[in-house]
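Since the structure comes first, as structure tokens, the remarks are kept for the end.
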Amino acid sequence: MKKLFTENSGLKISAVLISVFLWFFVTSKGQSEITLDIPLEFKNIPSDIGIVNTSVKTVNVTVSGHERPMKNLKASDVRVYVDLGKAKKGENAFSVNKADIKLPYALSVLNITPSTVRIKLDETDSKIVPVKPVLTGNPEGGFVVRSIKVEPESVVIKGLKSAVRKLRVVETEPLDITDSNKTITQELSIDTGGVNVTPVVDTVKVTINISER
């Protein structure tokens with residue numbers, strides 16, 4: 001039995017090495033790689049904290065796999081998550097690891113650039129602000145605006161504390177009353193004027209009472 005294993009041992013070792021080489025050759029044949037620009041997504045954001053800014057909005061992810069699944073791979077098929085579960089107010093550094101990247105089956109991540117993202121966070125806040133209707137144009141000749149009613153008259157806004165503090169009033173989208181000669185009631189969207197806050201309600205009901213002079 002011992003002779004069976006030791007006889008022609010050199011040839012047996014060569015055969016094993018050749019088999020290993022052929023296995024690597026076969027499995028690597030048809031492999032390809034591609035680098036995609038993937039937007040960052042954030043998860044587990046604490047309820048009392050919001051993102052002020054990030055050092056980058058996207059990362060370059062190099063993906064490897066067989067040619068067939070790689071041929072149809074799109075950037076939208078790859079997801080990059082940053083877990084903010086332990087984030088605190090101020091500037092934080094987060095590593096982007098292979099485990100943070102979701103890929104289609106049978107593909108793998110070769111490289112991530114950058115591998116570290118700096119994110120500035122601030123506390124969130126809310127407050128109540130009045131709603132100001134915005135009108136454009138003028139009623140028909142001989143008619144005037146008697147009154148303007150907004151329901152609700154004020155709304156709650158939420159967002160980063162620094163942004164919420166800036167806003168004292170929110171406006172509606174413009175309502176054109178050109179040549180109008182009767183009362184108008186319309187649902188209008190709320191415009192925050194570019195300030196990054198979110199109203200609790202999206203629209204308000206505005207009634208413009210128009211009558212003859």
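Identifiers in this document derive from the order of the structure tokens: chains are assigned A, B, ..., residues are numbered from 1 separately in each chain, and ligands are numbered from 1 in order of occurrence.
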
From a DSSP pass on the backbone, collect the residues of segment 5-201 of chain A flagged as alpha helix (DSSP H) and hand them back as a PDB file with C-alpha atoms, in the first residue's frame.
ATOM      1  CA  PHE A   5       1.466   6.179  -2.770  1.00  0.00           C
ATOM      2  CA  THR A   6       5.232   6.643  -3.058  1.00  0.00           C
ATOM      3  CA  SER A   9       5.497  10.442  -6.587  1.00  0.00           C
ATOM      4  CA  GLY A  10       7.013  13.098  -8.835  1.00  0.00           C
ATOM      5  CA  LEU A  11       4.549  12.338 -11.599  1.00  0.00           C
ATOM      6  CA  LYS A  12       1.644  12.325  -9.145  1.00  0.00           C
ATOM      7  CA  ILE A  13       2.627  15.733  -7.732  1.00  0.00           C
ATOM      8  CA  SER A  14       2.958  17.114 -11.258  1.00  0.00           C
ATOM      9  CA  ALA A  15      -0.487  15.790 -12.123  1.00  0.00           C
ATOM     10  CA  VAL A  16      -1.997  17.477  -9.068  1.00  0.00           C
ATOM     11  CA  LEU A  17      -0.316  20.779  -9.907  1.00  0.00           C
ATOM     12  CA  ILE A  18      -1.527  20.589 -13.492  1.00  0.00           C
ATOM     13  CA  SER A  19      -5.056  19.858 -12.285  1.00  0.00           C
ATOM     14  CA  VAL A  20      -4.970  22.873  -9.974  1.00  0.00           C
ATOM     15  CA  PHE A  21      -3.647  25.065 -12.785  1.00  0.00           C
ATOM     16  CA  LEU A  22      -6.355  23.854 -15.167  1.00  0.00           C
ATOM     17  CA  TRP A  23      -9.038  24.506 -12.521  1.00  0.00           C
ATOM     18  CA  PHE A  24      -7.844  28.079 -12.078  1.00  0.00           C
ATOM     19  CA  PHE A  25      -7.666  28.522 -15.857  1.00  0.00           C
ATOM     20  CA  VAL A  26     -11.198  27.231 -16.425  1.00  0.00           C
ATOM     21  CA  THR A  27     -12.743  29.198 -13.572  1.00  0.00           C
ATOM     22  CA  SER A  28     -10.955  32.416 -14.534  1.00  0.00           C
ATOM     23  CA  GLU A  67     -19.022  37.735 -18.626  1.00  0.00           C
ATOM     24  CA  ARG A  68     -22.671  36.691 -18.932  1.00  0.00           C
ATOM     25  CA  PRO A  69     -24.021  38.380 -15.755  1.00  0.00           C
ATOM     26  CA  MET A  70     -21.514  41.230 -16.119  1.00  0.00           C
ATOM     27  CA  LYS A  71     -22.738  42.025 -19.638  1.00  0.00           C
ATOM     28  CA  LYS A 161     -32.086  72.613  13.353  1.00  0.00           C
ATOM     29  CA  SER A 162     -30.004  75.202  11.459  1.00  0.00           C
ATOM     30  CA  ALA A 163     -32.472  75.178   8.530  1.00  0.00           C
ATOM     31  CA  VAL A 164     -35.609  75.226  10.682  1.00  0.00           C
ATOM     32  CA  ARG A 165     -34.344  78.294  12.558  1.00  0.00           C
ATOM     33  CA  LYS A 166     -33.932  80.228   9.288  1.00  0.00           C
TER      34      LYS A 166
END

Excluding Glu212 of chain A and its own-chain neighbours fewer than 2 positions away, which residues fall within 12 Å of it when counting only C-alpha atoms? Please give them as a list in words.
Pro139, Glu140, Gly141, Gly142, Phe143, Val144, Val145, Arg146, Ser180, Asn181, Lys182, Thr183, Asn209 and Ile210 of chain A

Please, could you write that set of residues out with C-alpha atoms as a PDB file, in the first residue's frame?
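Final output, saved to part-v4.pdb:
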ATOM      1  CA  PRO A 139     -58.960  90.510 -11.060  1.00  0.00           C
ATOM      2  CA  GLU A 140     -61.151  91.619 -13.922  1.00  0.00           C
ATOM      3  CA  GLY A 141     -61.752  95.370 -14.189  1.00  0.00           C
ATOM      4  CA  GLY A 142     -64.227  96.531 -11.581  1.00  0.00           C
ATOM      5  CA  PHE A 143     -63.491  93.584  -9.267  1.00  0.00           C
ATOM      6  CA  VAL A 144     -61.257  93.428  -6.191  1.00  0.00           C
ATOM      7  CA  VAL A 145     -59.932  90.866  -3.723  1.00  0.00           C
ATOM      8  CA  ARG A 146     -62.042  91.220  -0.584  1.00  0.00           C
ATOM      9  CA  SER A 180     -61.044  86.603 -12.239  1.00  0.00           C
ATOM     10  CA  ASN A 181     -64.520  87.862 -11.290  1.00  0.00           C
ATOM     11  CA  LYS A 182     -65.618  85.344  -8.673  1.00  0.00           C
ATOM     12  CA  THR A 183     -64.407  83.608  -5.555  1.00  0.00           C
ATOM     13  CA  ASN A 209     -62.961  86.163  -2.168  1.00  0.00           C
ATOM     14  CA  ILE A 210     -63.361  88.351  -5.267  1.00  0.00           C
TER      15      ILE A 210
END

Contacts of Ile49 of chain A at 10 Å or less, counting only C-alpha atoms, minus same-chain residues fewer than 3 places along, as a list in words?
Ile45, Pro46, Val52, Leu84, Ala87, Lys88, Lys89, Gly90, Leu121, Asp122, Glu123, Thr124, Asp125, Gly159, Leu160 and Lys161 of chain A

Resulting file, chosen residues, C-alpha atoms, as a PDB file, in the first residue's frame:
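This is the output file out-v6.pdb:
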ATOM      1  CA  ILE A  45     -30.287  57.322  10.653  1.00  0.00           C
ATOM      2  CA  PRO A  46     -31.119  58.327  14.254  1.00  0.00           C
ATOM      3  CA  VAL A  52     -25.775  68.307   6.619  1.00  0.00           C
ATOM      4  CA  LEU A  84     -25.445  55.653  10.553  1.00  0.00           C
ATOM      5  CA  ALA A  87     -23.639  58.440  14.271  1.00  0.00           C
ATOM      6  CA  LYS A  88     -23.391  61.504  16.488  1.00  0.00           C
ATOM      7  CA  LYS A  89     -23.786  65.231  15.933  1.00  0.00           C
ATOM      8  CA  GLY A  90     -20.775  66.750  14.196  1.00  0.00           C
ATOM      9  CA  LEU A 121     -24.574  65.632  10.953  1.00  0.00           C
ATOM     10  CA  ASP A 122     -26.716  68.020  12.940  1.00  0.00           C
ATOM     11  CA  GLU A 123     -29.682  67.758  15.285  1.00  0.00           C
ATOM     12  CA  THR A 124     -33.165  67.947  13.780  1.00  0.00           C
ATOM     13  CA  ASP A 125     -35.945  70.212  15.005  1.00  0.00           C
ATOM     14  CA  GLY A 159     -35.569  69.452   9.267  1.00  0.00           C
ATOM     15  CA  LEU A 160     -32.061  70.226  10.408  1.00  0.00           C
ATOM     16  CA  LYS A 161     -32.086  72.613  13.353  1.00  0.00           C
TER      17      LYS A 161
END

Please return, as number ranges by chain, all residues of segment 7-183 of chain A that DSSP assigns to strand (DSSP E or B) on the basis of the backbone.
A: 31-43, 49-54, 58-66, 79-83, 90-95, 101-102, 108-113, 116-132, 135-136, 143-151, 154-160, 170-172, 175-176

Between A:Val117, A:Ile128, A:Ala75, A:Val155, smallest distance to Pro104 of chain A by only C-alpha atoms belongs to A:Ala75

Give the answer as one residue: which of A:Thr172, A:Thr207, A:Ser115, A:Ser108 has the shortest atom-to-atom distance to Lys132 of chain A, using only C-alpha atoms?
A:Thr172

Find the residue from A:Glu33, A:Pro174, A:Val169, A:Leu135 that sits nearest to Val195 of chain A; use only C-alpha atoms when measuring.
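The answer is A:Val169, which sits nearest to Val195 of chain A.
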
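Ranking A:Asn72, A:Ser154, A:Asn44, A:Ser32 by their shortest atom-to-atom distance to Val170 of chain A, with only C-alpha atoms included, puts A:Ser154 first.
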
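Distances here use only C-alpha atoms; by that measure, the residue among A:Val201, A:Val78, A:Leu188, A:Ala99 closest to Ile157 of chain A is A:Val201.
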
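The gap separating atom CA of Ser95 of chain A from atom CA of Ile112 of chain A is 10.2 Å, in Å to one decimal.
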